[in-house]
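Trainee: One file is attached below, start-v5.cif, containing mmCIF, C-alpha atoms.
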```
data_model
#
loop_
_atom_site.label_atom_id
_atom_site.label_comp_id
_atom_site.auth_asym_id
_atom_site.auth_seq_id
_atom_site.Cartn_x
_atom_site.Cartn_y
_atom_site.Cartn_z
CA MET A 1 -60.08 4.00 -26.39
CA ASN A 2 -57.27 2.59 -28.45
CA SER A 3 -58.86 3.12 -31.83
CA LEU A 4 -59.58 5.92 -34.24
CA ASP A 5 -62.77 7.89 -34.33
CA VAL A 6 -65.16 6.95 -37.09
CA ILE A 7 -64.05 9.96 -39.05
CA SER A 8 -60.49 10.97 -38.35
CA VAL A 9 -58.43 12.39 -41.10
CA ASN A 10 -54.70 11.90 -40.95
CA ILE A 11 -52.48 13.20 -43.70
CA TRP A 12 -49.86 10.46 -43.28
CA GLN A 13 -52.41 7.74 -43.60
CA ILE A 14 -53.72 9.37 -46.76
CA ILE A 15 -50.23 9.46 -48.21
CA ILE A 16 -49.60 5.84 -47.28
CA SER A 17 -52.88 4.80 -48.87
CA LEU A 18 -51.98 6.72 -52.02
CA ALA A 19 -48.61 5.00 -52.05
CA ASN A 20 -50.33 1.63 -51.62
CA LEU A 21 -52.43 2.30 -54.68
CA VAL A 22 -49.39 3.34 -56.72
CA VAL A 23 -47.47 0.28 -55.56
CA LEU A 24 -50.35 -1.97 -56.50
CA PHE A 25 -50.55 -0.20 -59.84
CA PHE A 26 -46.92 -1.07 -60.54
CA ILE A 27 -47.44 -4.61 -59.30
CA PHE A 28 -50.34 -5.10 -61.68
CA LYS A 29 -48.49 -3.40 -64.51
CA LYS A 30 -45.30 -5.41 -64.18
CA LEU A 31 -46.59 -8.73 -62.92
CA LEU A 32 -50.01 -9.10 -64.50
CA PHE A 33 -50.51 -6.88 -67.53
CA LYS A 34 -47.03 -7.00 -69.01
CA PRO A 35 -46.59 -10.79 -69.04
CA VAL A 36 -50.17 -11.43 -70.11
CA LYS A 37 -49.98 -8.89 -72.91
CA ASN A 38 -46.62 -10.27 -73.95
CA ILE A 39 -48.01 -13.77 -74.15
CA LEU A 40 -51.08 -12.53 -76.01
CA ALA A 41 -48.89 -10.70 -78.52
CA LYS A 42 -46.71 -13.77 -78.87
CA ARG A 43 -49.71 -15.97 -79.45
CA GLU A 44 -51.10 -13.56 -82.00
CA ALA A 45 -47.76 -13.52 -83.77
CA GLU A 46 -47.73 -17.31 -83.80
CA VAL A 47 -51.25 -17.42 -85.14
CA MET A 48 -50.37 -14.90 -87.80
CA ALA A 49 -47.31 -16.94 -88.72
CA GLU A 50 -49.50 -20.02 -89.02
CA TYR A 51 -51.90 -18.10 -91.21
CA ASP A 52 -49.04 -16.86 -93.35
CA LYS A 53 -47.77 -20.41 -93.65
CA ALA A 54 -51.19 -21.64 -94.66
CA THR A 55 -51.60 -18.88 -97.24
CA GLN A 56 -48.12 -19.60 -98.55
CA ALA A 57 -48.90 -23.32 -98.82
CA THR A 58 -52.17 -22.60 -100.61
CA SER A 59 -50.53 -20.26 -103.08
CA ASP A 60 -47.73 -22.78 -103.64
CA ALA A 61 -50.25 -25.51 -104.28
CA ASN A 62 -52.17 -23.28 -106.65
CA GLU A 63 -48.98 -22.43 -108.48
CA LEU A 64 -48.09 -26.06 -108.77
CA LYS A 65 -51.56 -26.88 -109.97
CA ALA A 66 -51.41 -24.15 -112.58
CA SER A 67 -48.01 -25.30 -113.78
CA TRP A 68 -49.19 -28.89 -114.03
CA GLU A 69 -52.29 -27.83 -115.89
CA GLU A 70 -50.11 -25.84 -118.22
CA LYS A 71 -47.87 -28.83 -118.68
CA ILE A 72 -50.79 -31.12 -119.40
CA LYS A 73 -52.15 -28.65 -121.88
CA THR A 74 -48.80 -28.34 -123.64
CA ALA A 75 -48.44 -32.10 -123.56
CA ASP A 76 -51.75 -32.42 -125.39
CA ASP A 77 -50.62 -29.86 -127.88
CA LYS A 78 -47.32 -31.60 -128.29
CA ALA A 79 -48.99 -34.94 -128.83
CA ASP A 80 -51.24 -33.36 -131.43
CA GLU A 81 -48.24 -31.84 -133.11
CA ILE A 82 -46.32 -35.09 -133.09
CA ILE A 83 -49.24 -36.97 -134.56
CA LYS A 84 -49.73 -34.30 -137.13
CA ALA A 85 -46.07 -34.33 -138.03
CA ALA A 86 -46.06 -38.12 -138.23
CA VAL A 87 -49.13 -38.11 -140.42
CA GLU A 88 -47.58 -35.49 -142.63
CA LYS A 89 -44.37 -37.38 -142.81
CA ALA A 90 -46.21 -40.57 -143.62
CA ASP A 91 -48.26 -38.79 -146.24
CA HIS A 92 -45.17 -37.32 -147.73
CA ARG A 93 -43.36 -40.58 -147.71
CA SER A 94 -46.24 -42.45 -149.26
CA GLU A 95 -46.48 -39.80 -151.92
CA VAL A 96 -42.79 -40.07 -152.58
CA MET A 97 -43.07 -43.81 -152.66
CA LEU A 98 -46.02 -43.64 -154.98
CA TYR A 99 -44.20 -41.25 -157.20
CA GLU A 100 -41.08 -43.36 -157.16
CA SER A 101 -42.96 -46.55 -157.93
CA ARG A 102 -44.84 -44.83 -160.72
CA GLU A 103 -41.57 -43.57 -162.06
CA LYS A 104 -40.10 -46.99 -161.79
CA ALA A 105 -43.04 -48.55 -163.47
CA GLU A 106 -42.89 -46.01 -166.22
CA SER A 107 -39.22 -46.55 -166.69
CA ILE A 108 -39.80 -50.28 -166.79
CA ILE A 109 -42.53 -49.77 -169.34
CA ARG A 110 -40.30 -47.43 -171.29
CA LYS A 111 -37.48 -49.89 -171.18
CA ALA A 112 -39.79 -52.67 -172.20
CA LYS A 113 -41.10 -50.54 -175.04
CA ALA A 114 -37.59 -49.66 -176.10
CA ASP A 115 -36.59 -53.30 -175.91
CA ALA A 116 -39.58 -54.28 -177.94
CA GLU A 117 -38.82 -51.59 -180.46
CA ARG A 118 -35.25 -52.59 -180.69
CA GLU A 119 -36.18 -56.23 -181.06
CA ARG A 120 -38.73 -55.30 -183.62
CA ILE A 121 -36.12 -53.34 -185.56
CA GLU A 122 -33.66 -56.16 -185.18
CA ALA A 123 -36.26 -58.61 -186.34
CA GLN A 124 -37.12 -56.35 -189.20
CA GLU A 125 -33.49 -56.14 -190.07
CA THR A 126 -33.14 -59.87 -189.88
CA ILE A 127 -36.29 -60.42 -191.87
CA LYS A 128 -35.05 -57.87 -194.33
CA GLN A 129 -31.76 -59.69 -194.65
CA GLU A 130 -33.52 -62.97 -195.03
CA ILE A 131 -35.96 -61.52 -197.49
CA VAL A 132 -33.08 -60.06 -199.37
CA GLY A 133 -31.30 -63.39 -199.24
CA VAL A 134 -34.46 -65.30 -200.20
CA SER A 135 -35.45 -62.85 -202.90
CA ALA A 136 -31.97 -62.90 -204.27
CA ALA A 137 -32.01 -66.67 -204.31
CA ILE A 138 -35.46 -66.69 -205.89
CA SER A 139 -34.52 -64.06 -208.41
CA GLU A 140 -31.39 -65.97 -209.20
CA GLN A 141 -33.35 -69.04 -209.78
CA ILE A 142 -35.99 -67.10 -211.78
CA ILE A 143 -33.67 -64.98 -213.74
CA GLY A 144 -31.06 -67.59 -213.94
CA ARG A 145 -28.19 -65.58 -213.30
CA GLU A 146 -26.37 -64.42 -210.35
CA ILE A 147 -27.51 -61.20 -209.09
CA ASN A 148 -24.91 -58.98 -207.82
CA MET A 149 -25.93 -58.48 -204.33
CA ASN A 150 -24.47 -55.09 -204.15
CA ASP A 151 -25.89 -53.98 -207.44
CA HIS A 152 -29.35 -54.87 -206.52
CA LYS A 153 -29.35 -53.89 -202.99
CA VAL A 154 -30.79 -50.52 -203.70
CA LEU A 155 -33.49 -52.02 -205.74
CA ILE A 156 -34.44 -54.53 -203.17
CA ASP A 157 -34.41 -52.06 -200.38
CA SER A 158 -36.75 -49.81 -202.18
CA PHE A 159 -38.95 -52.80 -202.78
CA ILE A 160 -39.04 -53.74 -199.16
CA ASP A 161 -39.67 -50.21 -198.22
CA ASN A 162 -42.55 -50.15 -200.54
CA MET A 163 -43.83 -53.34 -198.99
CA GLU A 164 -43.55 -51.81 -195.64
CA ASN A 165 -45.35 -48.75 -196.72
CA ALA A 166 -48.01 -50.69 -198.47
CA MET B 167 -44.59 -23.60 -57.37
CA SER B 168 -48.05 -22.33 -58.20
CA ILE B 169 -49.36 -23.83 -54.96
CA LEU B 170 -46.69 -21.90 -53.09
CA PHE B 171 -47.80 -18.63 -54.64
CA LEU B 172 -51.42 -19.43 -53.91
CA ILE B 173 -50.61 -20.17 -50.28
CA LEU B 174 -48.57 -16.97 -50.07
CA SER B 175 -51.51 -15.02 -51.46
CA ILE B 176 -53.90 -16.50 -48.90
CA LEU B 177 -51.44 -16.20 -46.03
CA PRO B 178 -51.85 -12.40 -45.53
CA ILE B 179 -55.55 -12.88 -44.85
CA ILE B 180 -54.81 -15.55 -42.26
CA ALA B 181 -52.15 -13.25 -40.84
CA GLY B 182 -54.75 -10.46 -40.65
CA VAL B 183 -57.11 -12.71 -38.71
CA ALA B 184 -54.26 -13.77 -36.44
CA ILE B 185 -53.28 -10.17 -35.76
CA LYS B 186 -56.87 -9.30 -34.96
CA VAL B 187 -57.23 -12.23 -32.61
CA LEU B 188 -53.92 -11.58 -30.87
CA PHE B 189 -53.83 -7.82 -30.54
CA ILE B 190 -57.33 -6.44 -30.70
CA PRO B 191 -59.60 -6.85 -27.71
CA ALA B 192 -63.08 -8.05 -28.57
CA SER B 193 -65.59 -5.24 -28.38
CA GLU B 194 -68.60 -5.72 -26.21
CA GLY B 195 -72.04 -4.66 -27.26
CA ILE B 196 -72.61 -2.22 -30.05
CA SER B 197 -69.71 0.08 -30.65
CA VAL B 198 -69.07 1.98 -33.80
CA THR B 199 -65.47 3.03 -33.81
CA GLY B 200 -62.74 3.53 -36.34
CA ALA B 201 -59.82 1.22 -36.90
CA HIS B 202 -57.83 -0.10 -33.98
CA ILE B 203 -54.53 1.69 -33.46
CA PHE B 204 -51.58 -0.65 -32.96
CA PHE B 205 -49.02 2.06 -32.30
CA THR B 206 -48.26 5.60 -33.36
CA ILE B 207 -45.14 6.82 -35.07
CA ASP B 208 -44.19 10.36 -34.11
CA LEU B 209 -44.41 12.60 -37.12
CA PRO B 210 -45.43 16.22 -37.55
CA MET B 211 -49.07 16.90 -38.36
CA GLY B 212 -50.64 14.49 -35.90
CA GLY B 213 -48.24 11.59 -36.07
CA LEU B 214 -48.77 8.37 -37.97
CA PRO B 215 -50.99 5.88 -36.24
CA ILE B 216 -50.48 2.41 -37.62
CA THR B 217 -54.05 1.19 -37.63
CA GLU B 218 -55.90 -1.93 -38.50
CA ALA B 219 -57.03 -0.33 -41.75
CA GLN B 220 -53.47 0.41 -42.81
CA VAL B 221 -52.26 -3.05 -41.96
CA ASN B 222 -55.20 -4.66 -43.70
CA SER B 223 -54.68 -2.68 -46.89
CA TRP B 224 -51.02 -3.71 -46.90
CA LEU B 225 -52.10 -7.27 -46.46
CA VAL B 226 -54.35 -6.88 -49.50
CA VAL B 227 -51.47 -5.47 -51.52
CA ILE B 228 -49.19 -8.34 -50.51
CA SER B 229 -51.92 -10.86 -51.20
CA LEU B 230 -52.58 -9.43 -54.65
CA PHE B 231 -48.84 -9.34 -55.36
CA PHE B 232 -48.55 -13.07 -54.80
CA PHE B 233 -51.83 -13.67 -56.58
CA CYS B 234 -50.38 -11.94 -59.66
CA LEU B 235 -47.31 -14.14 -59.45
CA PHE B 236 -49.57 -17.15 -59.06
CA LEU B 237 -51.59 -16.19 -62.13
CA THR B 238 -48.79 -15.23 -64.45
CA HIS B 239 -45.97 -17.65 -63.85
CA GLY B 240 -45.37 -20.14 -66.60
CA LEU B 241 -47.51 -18.49 -69.25
CA LYS B 242 -47.73 -20.40 -72.50
CA THR B 243 -49.03 -19.75 -75.97
CA LYS B 244 -50.57 -23.18 -76.39
CA ASN B 245 -52.41 -25.56 -74.07
CA ILE B 246 -53.02 -22.80 -71.58
CA SER B 247 -53.82 -23.56 -67.97
CA LYS B 248 -56.89 -22.37 -66.08
CA ARG B 249 -54.73 -19.87 -64.23
CA GLN B 250 -53.73 -18.32 -67.52
CA VAL B 251 -57.33 -18.22 -68.67
CA VAL B 252 -58.19 -16.26 -65.53
CA ALA B 253 -55.22 -13.93 -65.99
CA GLU B 254 -56.09 -13.27 -69.62
CA TRP B 255 -59.73 -12.81 -68.72
CA ILE B 256 -58.86 -10.17 -66.10
CA VAL B 257 -56.52 -8.32 -68.44
CA GLU B 258 -58.93 -8.37 -71.37
CA LYS B 259 -61.93 -7.34 -69.29
CA VAL B 260 -60.12 -4.43 -67.66
CA GLU B 261 -58.65 -3.31 -70.96
CA GLY B 262 -62.07 -3.53 -72.58
CA LEU B 263 -63.51 -1.44 -69.77
CA VAL B 264 -60.80 1.17 -70.10
CA ARG B 265 -61.05 1.21 -73.88
CA SER B 266 -64.79 1.69 -73.91
CA ASN B 267 -64.78 4.34 -71.17
CA MET B 268 -61.58 6.25 -71.81
CA GLY B 269 -60.48 5.50 -75.35
CA GLU B 270 -57.22 4.30 -76.86
CA PHE B 271 -55.20 7.25 -75.54
CA PHE B 272 -55.66 6.12 -71.95
CA MET B 273 -54.86 2.42 -72.43
CA GLY B 274 -51.97 2.84 -69.96
CA PHE B 275 -54.62 3.32 -67.29
CA ALA B 276 -55.68 -0.32 -67.44
CA PRO B 277 -53.34 -1.50 -64.65
CA PHE B 278 -54.30 1.52 -62.55
CA ILE B 279 -58.01 0.79 -62.93
CA CYS B 280 -57.29 -2.84 -62.18
CA ALA B 281 -55.41 -1.76 -59.05
CA ILE B 282 -58.36 0.38 -57.90
CA LEU B 283 -60.80 -2.44 -58.55
CA GLY B 284 -58.66 -5.05 -56.83
CA LEU B 285 -57.64 -2.97 -53.84
CA SER B 286 -61.11 -1.59 -53.24
CA ALA B 287 -63.00 -4.83 -53.75
CA PHE B 288 -60.66 -7.00 -51.70
CA SER B 289 -60.37 -4.41 -48.96
CA SER B 290 -64.15 -4.36 -48.67
CA LEU B 291 -64.37 -8.15 -48.85
CA GLN B 292 -61.98 -8.46 -45.91
CA SER B 293 -64.97 -7.94 -43.67
CA LEU B 294 -66.09 -11.43 -44.68
CA PHE B 295 -63.19 -12.79 -42.63
CA GLY B 296 -64.17 -10.67 -39.67
CA LEU B 297 -61.41 -8.20 -40.40
CA TYR B 298 -61.81 -4.46 -40.34
CA ALA B 299 -62.49 -3.49 -43.95
CA ALA B 300 -59.78 -1.07 -44.97
CA THR B 301 -62.24 0.78 -47.16
CA SER B 302 -64.32 1.80 -44.18
CA ASP B 303 -61.44 3.99 -43.05
CA ILE B 304 -61.78 7.43 -44.62
CA ASN B 305 -58.03 7.94 -44.94
CA VAL B 306 -57.59 4.96 -47.22
CA ILE B 307 -60.20 6.12 -49.70
CA ALA B 308 -59.01 9.70 -49.38
CA GLY B 309 -55.56 8.62 -50.51
CA TRP B 310 -57.01 7.06 -53.65
CA SER B 311 -59.20 10.07 -54.32
CA VAL B 312 -56.23 12.40 -53.98
CA MET B 313 -54.39 10.25 -56.47
CA VAL B 314 -57.33 10.46 -58.85
CA PHE B 315 -57.48 14.21 -58.33
CA PHE B 316 -53.80 14.49 -59.24
CA LEU B 317 -54.42 12.46 -62.37
CA ILE B 318 -57.43 14.56 -63.38
CA THR B 319 -55.46 17.77 -62.94
CA TYR B 320 -52.41 16.32 -64.70
CA TYR B 321 -54.40 15.37 -67.76
CA LYS B 322 -56.28 18.66 -67.74
CA LEU B 323 -52.94 20.45 -67.74
CA LYS B 324 -51.74 18.41 -70.72
CA ALA B 325 -53.13 21.01 -73.08
CA GLY B 326 -51.27 23.78 -71.32
CA PRO B 327 -52.09 25.88 -68.23
CA LEU B 328 -53.94 28.46 -70.30
CA VAL B 329 -56.55 25.97 -71.48
CA TYR B 330 -56.76 24.60 -67.93
CA PHE B 331 -57.55 27.96 -66.34
CA LYS B 332 -59.83 28.92 -69.18
CA GLY B 333 -61.79 25.76 -68.45
CA PHE B 334 -62.90 27.23 -65.13
CA ALA B 335 -64.57 30.15 -66.87
CA GLU B 336 -66.96 27.93 -68.76
CA PRO B 337 -69.64 28.54 -69.83
CA VAL B 338 -69.28 32.11 -68.51
CA ALA B 339 -66.67 33.72 -66.27
CA PHE B 340 -69.31 34.19 -63.61
CA PHE B 341 -69.27 30.48 -62.89
CA ALA B 342 -65.57 30.39 -62.12
CA PRO B 343 -65.89 30.09 -58.30
CA ILE B 344 -68.45 27.35 -58.64
CA ASN B 345 -66.25 25.49 -61.08
CA VAL B 346 -63.30 25.73 -58.72
CA VAL B 347 -65.43 24.36 -55.90
CA SER B 348 -66.73 21.53 -58.06
CA GLU B 349 -63.19 20.73 -59.10
CA PHE B 350 -62.17 20.21 -55.50
CA ALA B 351 -65.46 18.59 -54.64
CA THR B 352 -64.70 15.68 -56.94
CA PRO B 353 -62.19 13.89 -54.68
CA PHE B 354 -64.32 14.62 -51.63
CA SER B 355 -67.44 13.22 -53.19
CA MET B 356 -65.57 10.15 -54.37
CA THR B 357 -64.09 9.62 -50.92
CA PHE B 358 -67.33 9.99 -49.02
CA ARG B 359 -69.34 7.93 -51.47
CA HIS B 360 -67.09 4.91 -51.21
CA TYR B 361 -66.17 5.21 -47.55
CA GLY B 362 -69.69 6.03 -46.51
CA ASN B 363 -71.20 3.09 -48.33
CA VAL B 364 -68.78 0.55 -46.92
CA LEU B 365 -68.89 1.97 -43.40
CA SER B 366 -72.66 2.23 -43.39
CA GLY B 367 -72.82 -1.31 -44.68
CA SER B 368 -70.72 -2.61 -41.80
CA ILE B 369 -72.65 -0.49 -39.28
CA ILE B 370 -75.93 -1.86 -40.59
CA SER B 371 -74.51 -5.38 -40.40
CA VAL B 372 -73.65 -4.81 -36.74
CA LEU B 373 -77.06 -3.30 -36.06
CA ILE B 374 -78.86 -6.18 -37.75
CA ALA B 375 -76.86 -8.75 -35.85
CA THR B 376 -77.52 -7.04 -32.54
CA GLY B 377 -81.14 -6.37 -33.36
CA LEU B 378 -81.76 -9.96 -34.33
CA GLY B 379 -80.14 -11.02 -31.07
CA GLY B 380 -82.57 -8.88 -29.12
CA LEU B 381 -85.50 -10.06 -31.22
CA SER B 382 -84.72 -13.72 -30.70
CA LYS B 383 -84.47 -13.08 -26.93
CA ILE B 384 -88.00 -11.73 -26.98
CA VAL B 385 -89.45 -14.37 -29.31
CA PHE B 386 -87.80 -17.46 -27.82
CA GLN B 387 -88.08 -16.40 -24.19
CA TRP B 388 -90.56 -19.18 -23.46
CA LEU B 389 -88.15 -21.92 -24.52
CA PRO B 390 -86.80 -23.80 -21.53
CA GLY B 391 -83.31 -23.55 -20.14
CA LYS B 392 -80.29 -22.85 -22.26
CA ILE B 393 -82.12 -22.99 -25.58
CA GLY B 394 -83.97 -19.82 -24.71
CA GLU B 395 -80.68 -18.01 -24.23
CA LEU B 396 -79.43 -18.99 -27.68
CA GLU B 397 -79.99 -16.17 -30.11
CA LEU B 398 -81.52 -18.31 -32.84
CA PHE B 399 -82.14 -15.45 -35.27
CA ARG B 400 -78.47 -14.68 -35.30
CA ILE B 401 -77.79 -17.99 -36.95
CA GLY B 402 -77.65 -17.58 -40.70
CA LEU B 403 -79.78 -14.50 -41.11
CA PRO B 404 -77.00 -11.90 -40.71
CA ALA B 405 -75.09 -13.79 -43.37
CA VAL B 406 -77.91 -13.18 -45.83
CA PHE B 407 -77.78 -9.45 -45.20
CA SER B 408 -74.01 -9.61 -45.29
CA ILE B 409 -74.21 -10.87 -48.87
CA TYR B 410 -75.68 -7.53 -49.85
CA PHE B 411 -73.81 -5.20 -47.49
CA ASP B 412 -70.39 -6.79 -47.71
CA ILE B 413 -70.07 -8.64 -51.02
CA PHE B 414 -72.44 -6.81 -53.35
CA SER B 415 -71.93 -3.36 -51.93
CA GLY B 416 -68.17 -3.83 -51.70
CA CYS B 417 -67.81 -4.93 -55.31
CA LEU B 418 -70.27 -2.31 -56.52
CA GLN B 419 -68.45 0.50 -54.76
CA ALA B 420 -65.14 -0.69 -56.21
CA PHE B 421 -66.69 -0.66 -59.66
CA ILE B 422 -68.26 2.77 -59.12
CA PHE B 423 -64.98 4.21 -57.90
CA ALA B 424 -63.17 2.81 -60.93
CA MET B 425 -65.85 4.07 -63.32
CA LEU B 426 -65.76 7.55 -61.80
CA THR B 427 -61.98 7.60 -62.02
CA MET B 428 -62.14 6.71 -65.72
CA LEU B 429 -64.88 9.19 -66.47
CA TYR B 430 -63.31 12.10 -64.58
CA VAL B 431 -59.85 11.56 -65.99
CA SER B 432 -60.90 11.05 -69.60
CA GLY B 433 -63.68 13.62 -69.36
CA GLY B 434 -61.37 16.30 -68.05
CA PHE B 435 -58.78 15.67 -70.74
CA PRO B 436 -59.12 18.28 -73.49
CA GLU B 437 -58.23 16.05 -76.40
CA GLU B 438 -58.53 18.55 -79.24
CA GLU B 439 -56.48 21.22 -77.50
CA TYR B 440 -53.90 18.63 -76.55
CA TYR B 441 -53.36 17.56 -80.15
CA LYS B 442 -53.33 21.17 -81.30
CA ARG B 443 -50.69 21.98 -78.73
CA LYS B 444 -48.69 18.94 -79.72
CA ALA B 445 -48.83 19.97 -83.37
CA ARG B 446 -47.72 23.49 -82.42
CA LYS B 447 -44.81 22.09 -80.43
CA MET B 448 -43.80 19.84 -83.31
CA ALA B 449 -43.93 22.79 -85.69
CA LYS B 450 -41.81 24.85 -83.31
CA GLN B 451 -39.27 22.07 -82.99
CA SER B 452 -38.97 21.58 -86.72
CA ASN B 453 -38.36 25.33 -87.06
#
```
If you convert what's in this file into structure tokens, what do you get?
Mentor:
Amino acid sequence: MNSLDVISVNIWQIIISLANLVVLFFIFKKLLFKPVKNILAKREAEVMAEYDKATQATSDANELKASWEEKIKTADDKADEIIKAAVEKADHRSEVMLYESREKAESIIRKAKADAERERIEAQETIKQEIVGVSAAISEQIIGREINMNDHKVLIDSFIDNMENA
Amino acid sequence: MSILFLILSILPIIAGVAIKVLFIPASEGISVTGAHIFFTIDLPMGGLPITEAQVNSWLVVISLFFFCLFLTHGLKTKNISKRQVVAEWIVEKVEGLVRSNMGEFFMGFAPFICAILGLSAFSSLQSLFGLYAATSDINVIAGWSVMVFFLITYYKLKAGPLVYFKGFAEPVAFFAPINVVSEFATPFSMTFRHYGNVLSGSIISVLIATGLGGLSKIVFQWLPGKIGELELFRIGLPAVFSIYFDIFSGCLQAFIFAMLTMLYVSGGFPEEEYYKRKARKMAKQSN
């Protein structure tokens, strides 16, 4: 019979079978596990990179958002400040203007008063002169003689003063 | 390209069938024999007969080689093909199996376990094509078991020979001879379990087929002419039994062999002593 017995142990066949298993082990290691694990690692790396990118983008967006919020907040503050400053300025200016106008008015009044005073004095002076002239003329006519203007000036003045005081 | 690899991975099986048809005479009646011997190479210790089992296991290796190429060429990270899904599924399943049974330290065993599973399962499944299943030859399984035995011993020796020999005296020194016997019994038990199951499966398949033939002769005797000579029970029924004895049993034995390999190798590895020894060595080196 040209075949083995059902149980026939042959050392060479055992060794060959062992070698077959080792060869297949290397085949699987090099041709199946290595490339598949490589591709899995690569994919994982890619996924991680994508995740990193996403996290980076989120944090960037958050940063941007925060900065804009900050800016808006400061803008509000700034606007408040500007308004406040403008109001203050306006207040100040109006005060100054008020003060100035009051001053002006006062000075005008003062000037007017002074003018009036001066005119009054002038008028008084004129009236005095006229009174002196008239009284001299009247006295001349009454007394009948010429009154020496200069002699009687003192007299007349005192008279007018008395009139004034009276 | 992928079609080429697929064809190349199927071709060995066709070649196996062709070799069987061309060189092996059809057996008549019931005969339970070992593998057919093509020729014998003269070597010491009984010479090397090149048998059907040997050739068929080589054909499985070649077939799996091209199948790997078929699965893994043109791998991508995006828009993966079905081939890649299968490849990743195989790798992840085997790695998960190894991780859960052996732990992280033995992750390098994943391709080895995959090789055992693939070689054993496909060798058993060869019988579906009418080929002689390589796993029903004791020498084939014995080779794998010897390999596993080497691995067990290698990892047991990792913690130093002292720990290894001390391990035989557990739990008491009295048990040492028994432990030695059980140590060497491991590869034998693995061999006979696998080989015996596959061989018995194929023997039972032959017996069922023959028995059904005889049965149908008795039952359908009364049918006239040629129809009575047809063995009607042999149509279909043996295939049903073959599903259990060839497919289920073949895959189950492959799985059992792989599981036992993982358990023996990782179970025999004295992890604590190994790390202690490593630490001692590191300390010595730094001194």
Trainee: Compile a residue-level contact table for chain A against chain B at a cut-off of 7 Å, reporting for every qualifying residue the shortest atom pair and its distance in Å to one decimal, with all atoms listed in the file counted, rows ordered by chain and ascending number, as JSON lines.
Mentor:
```
{"residue": "A:Asn2", "atom": "CA", "partner": "B:Ile203", "partner_atom": "CA", "distance": 5.8}
{"residue": "A:Ser3", "atom": "CA", "partner": "B:His202", "partner_atom": "CA", "distance": 4.0}
{"residue": "A:Leu4", "atom": "CA", "partner": "B:Gly200", "partner_atom": "CA", "distance": 4.5}
{"residue": "A:Asp5", "atom": "CA", "partner": "B:Gly200", "partner_atom": "CA", "distance": 4.8}
{"residue": "A:Val6", "atom": "CA", "partner": "B:Gly200", "partner_atom": "CA", "distance": 4.3}
{"residue": "A:Ile7", "atom": "CA", "partner": "B:Ile304", "partner_atom": "CA", "distance": 6.5}
{"residue": "A:Val9", "atom": "CA", "partner": "B:Asn305", "partner_atom": "CA", "distance": 5.9}
{"residue": "A:Asn10", "atom": "CA", "partner": "B:Asn305", "partner_atom": "CA", "distance": 6.5}
{"residue": "A:Trp12", "atom": "CA", "partner": "B:Leu214", "partner_atom": "CA", "distance": 5.8}
{"residue": "A:Gln13", "atom": "CA", "partner": "B:Asn305", "partner_atom": "CA", "distance": 5.8}
{"residue": "A:Ile14", "atom": "CA", "partner": "B:Gly309", "partner_atom": "CA", "distance": 4.2}
{"residue": "A:Ile15", "atom": "CA", "partner": "B:Gly309", "partner_atom": "CA", "distance": 5.9}
{"residue": "A:Ser17", "atom": "CA", "partner": "B:Gly309", "partner_atom": "CA", "distance": 4.9}
{"residue": "A:Leu18", "atom": "CA", "partner": "B:Gly309", "partner_atom": "CA", "distance": 4.3}
{"residue": "A:Leu21", "atom": "CA", "partner": "B:Ala281", "partner_atom": "CA", "distance": 6.7}
{"residue": "A:Leu24", "atom": "CA", "partner": "B:Ala281", "partner_atom": "CA", "distance": 5.7}
{"residue": "A:Phe25", "atom": "CA", "partner": "B:Phe278", "partner_atom": "CA", "distance": 4.9}
{"residue": "A:Ile27", "atom": "CA", "partner": "B:Phe231", "partner_atom": "CA", "distance": 6.3}
{"residue": "A:Phe28", "atom": "CA", "partner": "B:Pro277", "partner_atom": "CA", "distance": 5.5}
{"residue": "A:Lys29", "atom": "CA", "partner": "B:Pro277", "partner_atom": "CA", "distance": 5.2}
{"residue": "A:Leu31", "atom": "CA", "partner": "B:Cys234", "partner_atom": "CA", "distance": 5.9}
{"residue": "A:Leu32", "atom": "CA", "partner": "B:Cys234", "partner_atom": "CA", "distance": 5.6}
{"residue": "A:Phe33", "atom": "CA", "partner": "B:Val257", "partner_atom": "CA", "distance": 6.2}
{"residue": "A:Pro35", "atom": "CA", "partner": "B:Thr238", "partner_atom": "CA", "distance": 6.8}
{"residue": "A:Val36", "atom": "CA", "partner": "B:Glu254", "partner_atom": "CA", "distance": 6.2}
{"residue": "A:Ile39", "atom": "CA", "partner": "B:Thr243", "partner_atom": "CA", "distance": 6.3}
{"residue": "A:Arg43", "atom": "CA", "partner": "B:Thr243", "partner_atom": "CA", "distance": 5.2}
```
Trainee: Between B:Asn363, B:Ala335, B:Met356, B:Pro404, which has the minimum distance to B:Leu378 (counting all atoms listed in the file)?
Mentor: B:Pro404
Trainee: Identify, on the basis of all atoms listed in the file, every residue whose closest approach to stretch 158-162 of chain A does not exceed 9 Å; exclude the query and any residue fewer than 5 positions from it along the same chain; express the result as a list of chain:residue names.
Mentor: A:Lys128, A:Ile131, A:Val132, A:Lys153
Trainee: What does the distance between atom CA of B:Ser371 and atom CA of B:Phe407 come to in Å, to one decimal place?
Mentor: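 We find that atom CA of B:Ser371 and atom CA of B:Phe407 lie 7.1 Å from each other.
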Trainee: Have a look at atom CA of B:Phe435 and atom CA of B:Lys322 and let me know their distance in Å, one decimal.
Mentor: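 So the two atoms, atom CA of B:Phe435 and atom CA of B:Lys322, lie 4.9 Å apart.
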Trainee: Give the answer as one residue: which of B:Cys417, B:Ile374, B:Leu389, B:Ala351 has the shortest atom-to-atom distance to B:Gly402, using all atoms listed in the file?
Mentor: B:Ile374
